[in-house]
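A.B. asks: Got a structure for you, written out below as structure tokens; questions coming shortly.
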Amino acid sequence: MRSEFLPFSRPQISEADIAAVGEVLRSGWITTGTKNAEFEQKFSEYTGAQQSVALASATAGMHLLLHALGIGAGDEVITPSMTWVSTVNLIKLCGATPVFVDVDKDTLMTDATRIAEKLTTRTRLIIPVHFAGAAVDMQPIRELAATKNIALAEDAAHAAGTTYHGDPIGKHGTAIFSFHPIKNMTTGEGGMFCSDDAELAARIRRLKFHGLGVDAFDRQMQGRSPQAEVLEPAYKYNLTDIAAVLGSRQLANLDQFNQRRTVLAQHYHQLLADVPEVQPLRVPNYEMQHAWHLFIVRLDIDKVGFSRDEFMQRLKARNIGTGLHFKAVHSQKYYLETMGAQDLPNTEWNSARICSLPLFPEMSLADVEDVVATIKEVLTA
């Protein structure tokens, strides 16, 4: 058994990152300022996004999007139940109805055919979810949304560095990224709203900071104009410069981080090939570049005779950390009680079996070997 605990994730923070944050702290300007502007510009250059707006979280970005689109009572928003609960919480909080769509059993991502089956005259927004670092097959979904004149926003929380048909996620349409500490790059907490709709991005920028007619940091004023007018009531979801400078540093190393994640994921695949009780997700067969945000497996609970939760507990007892991404939203207590049972067989099958194994750039190949050896031990104990 390992002598030290191996967490399922750990942010990659260098001494240079820490020094850059220290410089901002010593500068006297630590809230939204030049470092935010630089981070937004660099993220646009990296993704090809026409507009990038830095925010306090990806959840903030989803909230502002729903507000900007005027989604409320009587409206429906289609999204997978196999996702983090924040999106669905926000749909409910704005008064709209979440409509859950099933996913592919082996990629955990939805598709245009499944979405089309859920469309009604009340559908206002479709939110497909890029999962674990893989890209949703977006082109058919974009065509469907355009034909039906329905808004489309990509949940790209798992997709920093992911590409689809050669283009980075975030280049086309609207996408919302997360920089939570477990993500491939982090700002501590934070997110980025990317869009090729300049008018929508301008509204998001206004809504993120009290509805002022200028950004929290005006590039011309080197601060905020004292005559700034409130154009509409809004929120306070701006990112600090402390976080933004870390984001710029992380972004510069993102490709390197993801290359290391790919090496580790490939090693997992090789070692788990002879462990039929533990099945990794399938990599989609269309053109895309996987960012390997997570390495997710499904436990054959019928064959092994114990639950996924027990599997995770046994690994933890042997100093191997794991994660759960995710318990299906519709099976959460509130949604089960208020919305009832849902016909989502692939989502439910996976929700009972998925487990995220340790994956972060500082891991060694020996760490991967420890994880797989421990899995084998747990399965034969």
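For the structure tokens, the naming scheme is as follows: chains receive sequential letters (A, B, ...) according to their order of presentation, residues are indexed from 1 within each chain, and ligands are indexed from 1 in presentation order.
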What's around range 69-75 of chain A at 10 Å? Count only C-alpha atoms, leave out sequence neighbours fewer than 6 positions away in its own chain, and write the answer as JSON, numbers by chain.
C.D. replies: {"A": [91, 92, 93, 94, 95, 96, 97, 98, 120, 121, 122, 123, 124, 125, 151, 200, 203]}
A.B. asks: Take the selection from the previous step and output its residues with N, CA and C atoms, as a PDB file, in the first residue's frame.
C.D. replies:
ATOM      1  N   ILE A  91     -31.168  27.217 -13.808  1.00  0.00           N
ATOM      2  CA  ILE A  91     -32.383  27.145 -14.634  1.00  0.00           C
ATOM      3  C   ILE A  91     -33.615  27.234 -13.748  1.00  0.00           C
ATOM      4  N   LYS A  92     -33.584  26.476 -12.659  1.00  0.00           N
ATOM      5  CA  LYS A  92     -34.717  26.497 -11.721  1.00  0.00           C
ATOM      6  C   LYS A  92     -34.862  27.860 -11.056  1.00  0.00           C
ATOM      7  N   LEU A  93     -33.756  28.449 -10.653  1.00  0.00           N
ATOM      8  CA  LEU A  93     -33.807  29.719  -9.934  1.00  0.00           C
ATOM      9  C   LEU A  93     -34.324  30.864 -10.801  1.00  0.00           C
ATOM     10  N   CYS A  94     -34.143  30.767 -12.115  1.00  0.00           N
ATOM     11  CA  CYS A  94     -34.672  31.823 -12.987  1.00  0.00           C
ATOM     12  C   CYS A  94     -36.125  31.573 -13.358  1.00  0.00           C
ATOM     13  N   GLY A  95     -36.700  30.477 -12.845  1.00  0.00           N
ATOM     14  CA  GLY A  95     -38.115  30.198 -13.060  1.00  0.00           C
ATOM     15  C   GLY A  95     -38.407  29.314 -14.247  1.00  0.00           C
ATOM     16  N   ALA A  96     -37.390  28.901 -14.988  1.00  0.00           N
ATOM     17  CA  ALA A  96     -37.586  28.054 -16.160  1.00  0.00           C
ATOM     18  C   ALA A  96     -37.611  26.577 -15.763  1.00  0.00           C
ATOM     19  N   THR A  97     -37.853  25.722 -16.744  1.00  0.00           N
ATOM     20  CA  THR A  97     -37.939  24.283 -16.509  1.00  0.00           C
ATOM     21  C   THR A  97     -36.755  23.573 -17.155  1.00  0.00           C
ATOM     22  N   PRO A  98     -35.945  22.846 -16.378  1.00  0.00           N
ATOM     23  CA  PRO A  98     -34.884  22.039 -16.992  1.00  0.00           C
ATOM     24  C   PRO A  98     -35.495  20.810 -17.657  1.00  0.00           C
ATOM     25  N   THR A 120     -39.550  21.392 -27.744  1.00  0.00           N
ATOM     26  CA  THR A 120     -40.959  21.789 -27.766  1.00  0.00           C
ATOM     27  C   THR A 120     -41.016  23.256 -28.186  1.00  0.00           C
ATOM     28  N   THR A 121     -42.216  23.775 -28.273  1.00  0.00           N
ATOM     29  CA  THR A 121     -42.368  25.196 -28.618  1.00  0.00           C
ATOM     30  C   THR A 121     -41.867  26.101 -27.509  1.00  0.00           C
ATOM     31  N   ARG A 122     -41.615  25.544 -26.331  1.00  0.00           N
ATOM     32  CA  ARG A 122     -41.146  26.341 -25.197  1.00  0.00           C
ATOM     33  C   ARG A 122     -39.630  26.300 -25.021  1.00  0.00           C
ATOM     34  N   THR A 123     -38.922  25.520 -25.833  1.00  0.00           N
ATOM     35  CA  THR A 123     -37.470  25.410 -25.713  1.00  0.00           C
ATOM     36  C   THR A 123     -36.803  26.727 -26.094  1.00  0.00           C
ATOM     37  N   ARG A 124     -36.027  27.303 -25.169  1.00  0.00           N
ATOM     38  CA  ARG A 124     -35.354  28.574 -25.408  1.00  0.00           C
ATOM     39  C   ARG A 124     -33.834  28.436 -25.497  1.00  0.00           C
ATOM     40  N   LEU A 125     -33.305  27.374 -24.923  1.00  0.00           N
ATOM     41  CA  LEU A 125     -31.846  27.256 -24.840  1.00  0.00           C
ATOM     42  C   LEU A 125     -31.453  25.786 -24.769  1.00  0.00           C
ATOM     43  N   ALA A 151     -31.368  29.343 -28.911  1.00  0.00           N
ATOM     44  CA  ALA A 151     -30.039  29.703 -28.413  1.00  0.00           C
ATOM     45  C   ALA A 151     -29.267  28.451 -28.004  1.00  0.00           C
ATOM     46  N   LEU A 200     -24.057  40.161 -27.213  1.00  0.00           N
ATOM     47  CA  LEU A 200     -24.275  39.339 -26.022  1.00  0.00           C
ATOM     48  C   LEU A 200     -23.105  39.482 -25.056  1.00  0.00           C
ATOM     49  N   ARG A 203     -23.238  42.652 -23.137  1.00  0.00           N
ATOM     50  CA  ARG A 203     -24.239  42.619 -22.066  1.00  0.00           C
ATOM     51  C   ARG A 203     -23.721  41.810 -20.873  1.00  0.00           C
TER      52      ARG A 203
END
A.B. asks: Considering only C-alpha atoms, return as a ChimeraX atom specification whatever protein or nucleic-acid residues lie within 10 Å of Pro140 in chain A, sequence-local ones (same chain, fewer than 5 positions apart) excluded.
C.D. replies: /A:111-113,145-146
A.B. asks: Keeping only C-alpha atoms, take the residues you just selected and write them out as a short mmCIF file (atom, residue, chain, number, x, y, z; two decimals), in the first residue's frame.
C.D. replies:
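Okay, selection06.cif is ready:
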data_model
loop_
_atom_site.label_atom_id
_atom_site.label_comp_id
_atom_site.auth_asym_id
_atom_site.auth_seq_id
_atom_site.Cartn_x
_atom_site.Cartn_y
_atom_site.Cartn_z
CA ASP A 111 -26.08 14.43 -29.38
CA ALA A 112 -28.38 16.21 -31.80
CA THR A 113 -30.75 13.25 -32.20
CA ALA A 145 -30.28 25.01 -32.99
CA ALA A 146 -29.93 27.31 -36.01
#
A.B. asks: Would you mind telling me which residue in A:Thr174, A:Asn36, A:Gln266, A:Gln12 lies nearest to Ser248 in chain A when using only C-alpha atoms?
C.D. replies: A:Asn36
A.B. asks: Could you tell me which of A:Ser307, A:Thr240, A:Leu64, A:Gly133 comes closest to Trp29 in chain A if we count only C-alpha atoms?
C.D. replies: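 Counting only C-alpha atoms, the residue closest to Trp29 in chain A is A:Thr240.
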A.B. asks: Kindly provide the residues of range 293-373 of chain A that approach range 83-88 of chain A to within 9 Å, each paired with its closest atom pair and their distance in Å to one decimal, based on only C-alpha atoms, listed by chain and increasing number, as a tab-separated table.
C.D. replies:
residue	atom	partner	partner_atom	distance
A:His325	CA	A:Thr83	CA	7.4
A:Phe326	CA	A:Thr83	CA	6.1
A:Lys327	CA	A:Thr83	CA	8.0
A:Ala328	CA	A:Thr83	CA	6.7
A:Val329	CA	A:Val85	CA	5.7
A:Gln332	CA	A:Val85	CA	8.8
A.B. asks: Can you list, as a short mmCIF file (atom, residue, chain, number, x, y, z; two decimals) with C-alpha atoms, in the first residue's frame, every protein, DNA or RNA residue that comes within 10 Å of Pro7 in chain A when you count only C-alpha atoms, leaving out same-chain residues fewer than 3 positions away?
C.D. replies:
data_model
loop_
_atom_site.label_atom_id
_atom_site.label_comp_id
_atom_site.auth_asym_id
_atom_site.auth_seq_id
_atom_site.Cartn_x
_atom_site.Cartn_y
_atom_site.Cartn_z
CA GLU A 4 1.35 8.72 1.11
CA ARG A 10 -4.05 18.63 -7.50
CA LYS A 316 -9.25 5.54 -0.08
CA ASN A 319 -4.32 5.86 0.08
CA ILE A 320 -5.81 6.30 -3.40
CA GLY A 321 -8.15 9.26 -3.82
CA THR A 322 -11.05 9.24 -6.27
CA GLY A 323 -13.83 11.58 -7.42
CA LEU A 357 -9.25 8.07 -10.91
CA PRO A 358 -6.28 10.30 -9.98
CA LEU A 359 -5.11 12.43 -12.90
CA PHE A 360 -2.99 15.58 -12.70
CA MET A 363 1.69 12.42 -11.26
#
A.B. asks: Using only C-alpha atoms, which residues sit within 9 Å of range 368-380 of chain A once same-chain residues fewer than 3 positions away are excluded, as a list in words?
C.D. replies: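 Answer for this query is Met1, Arg2, Leu6, Leu264, Ala265, His267, Tyr268, Leu271, Leu272, Val275, Glu277, Val278, Val304, Phe311, Arg314, Leu315, Arg318, Ile320, Leu357, Pro358, Leu359, Met363, Ser364 and Leu365 of chain A.
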A.B. asks: Running DSSP on the backbone, which parts of range 102-226 of chain A land in alpha helix (DSSP H), as an NGL selection string?
C.D. replies: :A and (112-118 or 138-148 or 198-207)
A.B. asks: Using only C-alpha atoms, find the one residue out of A:Leu65, A:Ala16, A:Met312, A:Val129 that sits nearest to Ala156 in chain A.
C.D. replies: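 Between A:Leu65, A:Ala16, A:Met312, A:Val129, the residue approaching Ala156 in chain A most closely is A:Val129.
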A.B. asks: Fewer than 2 positions away in the same chain doesn't count, so skip those; otherwise give me all residues within 9 Å of His172 in chain A, counting only C-alpha atoms, as JSON, numbers by chain.
C.D. replies: {"A": [48, 49, 50, 167, 168, 169, 170, 174, 175, 194, 195, 196]}
A.B. asks: Going by DSSP on the backbone, which residues of range 147-308 of chain A come out as strand (DSSP E)? List them as a ChimeraX atom specification.
C.D. replies: /A:151-152,154-155,163-164,167-168,174-178,191-195,278-280,288-289,295-299
A.B. asks: Write out as an mmCIF file with C-alpha atoms, in the first residue's frame each polymer residue whose atoms come within 9 Å of Met185 in chain A, counting only C-alpha atoms; drop sequence neighbours fewer than 6 positions from it.
C.D. replies:
data_model
loop_
_atom_site.group_PDB
_atom_site.id
_atom_site.type_symbol
_atom_site.label_atom_id
_atom_site.label_comp_id
_atom_site.auth_asym_id
_atom_site.auth_seq_id
_atom_site.Cartn_x
_atom_site.Cartn_y
_atom_site.Cartn_z
ATOM 1 C CA PRO A 11 -3.539 22.052 -9.129
ATOM 2 C CA GLN A 12 -0.196 22.602 -10.861
ATOM 3 C CA ALA A 160 -9.835 24.045 -21.613
ATOM 4 C CA SER A 178 -14.368 26.895 -15.454
ATOM 5 C CA PHE A 179 -11.074 27.524 -13.655
ATOM 6 C CA GLY A 247 -4.951 32.460 -15.036
ATOM 7 C CA GLN A 250 -1.674 28.788 -16.171
ATOM 8 C CA LEU A 251 -2.892 29.407 -19.714
ATOM 9 C CA ASN A 253 1.350 26.199 -19.630
ATOM 10 C CA LEU A 254 -2.005 24.631 -20.529
ATOM 11 C CA PHE A 257 -0.272 20.306 -18.748
#
A.B. asks: For Asp17 in chain A, please output as number ranges by chain all residues within 9 Å (counting only C-alpha atoms; exclusion window: fewer than 3 positions along the same chain).
C.D. replies: A: 13-14, 20-22, 245-246, 249-250
A.B. asks: What does the file look like for those residues with N, CA and C atoms, as a compact mmCIF listing (two decimals), in the first residue's frame?
C.D. replies:
# COMPACT_ATOMS: atom_id res chain seq x y z
N ILE A 13 0.74 24.40 -9.52
CA ILE A 13 1.12 25.78 -9.20
C ILE A 13 2.64 25.84 -9.03
N SER A 14 3.28 26.67 -9.83
CA SER A 14 4.74 26.78 -9.78
C SER A 14 5.16 27.94 -8.89
N ALA A 20 4.24 35.69 -9.37
CA ALA A 20 3.40 36.60 -10.16
C ALA A 20 2.22 37.11 -9.35
N VAL A 21 1.62 36.22 -8.56
CA VAL A 21 0.52 36.63 -7.68
C VAL A 21 1.04 37.60 -6.63
N GLY A 22 2.24 37.34 -6.12
CA GLY A 22 2.83 38.24 -5.13
C GLY A 22 3.05 39.64 -5.69
N VAL A 245 -4.02 37.04 -12.93
CA VAL A 245 -2.60 36.85 -13.26
C VAL A 245 -2.23 35.38 -13.16
N LEU A 246 -2.85 34.67 -12.20
CA LEU A 246 -2.63 33.23 -12.12
C LEU A 246 -3.19 32.55 -13.37
N ARG A 249 -0.82 32.92 -16.29
CA ARG A 249 0.33 32.03 -16.11
C ARG A 249 -0.05 30.58 -16.43
N GLN A 250 -1.21 30.15 -15.93
CA GLN A 250 -1.67 28.79 -16.17
C GLN A 250 -1.95 28.55 -17.65
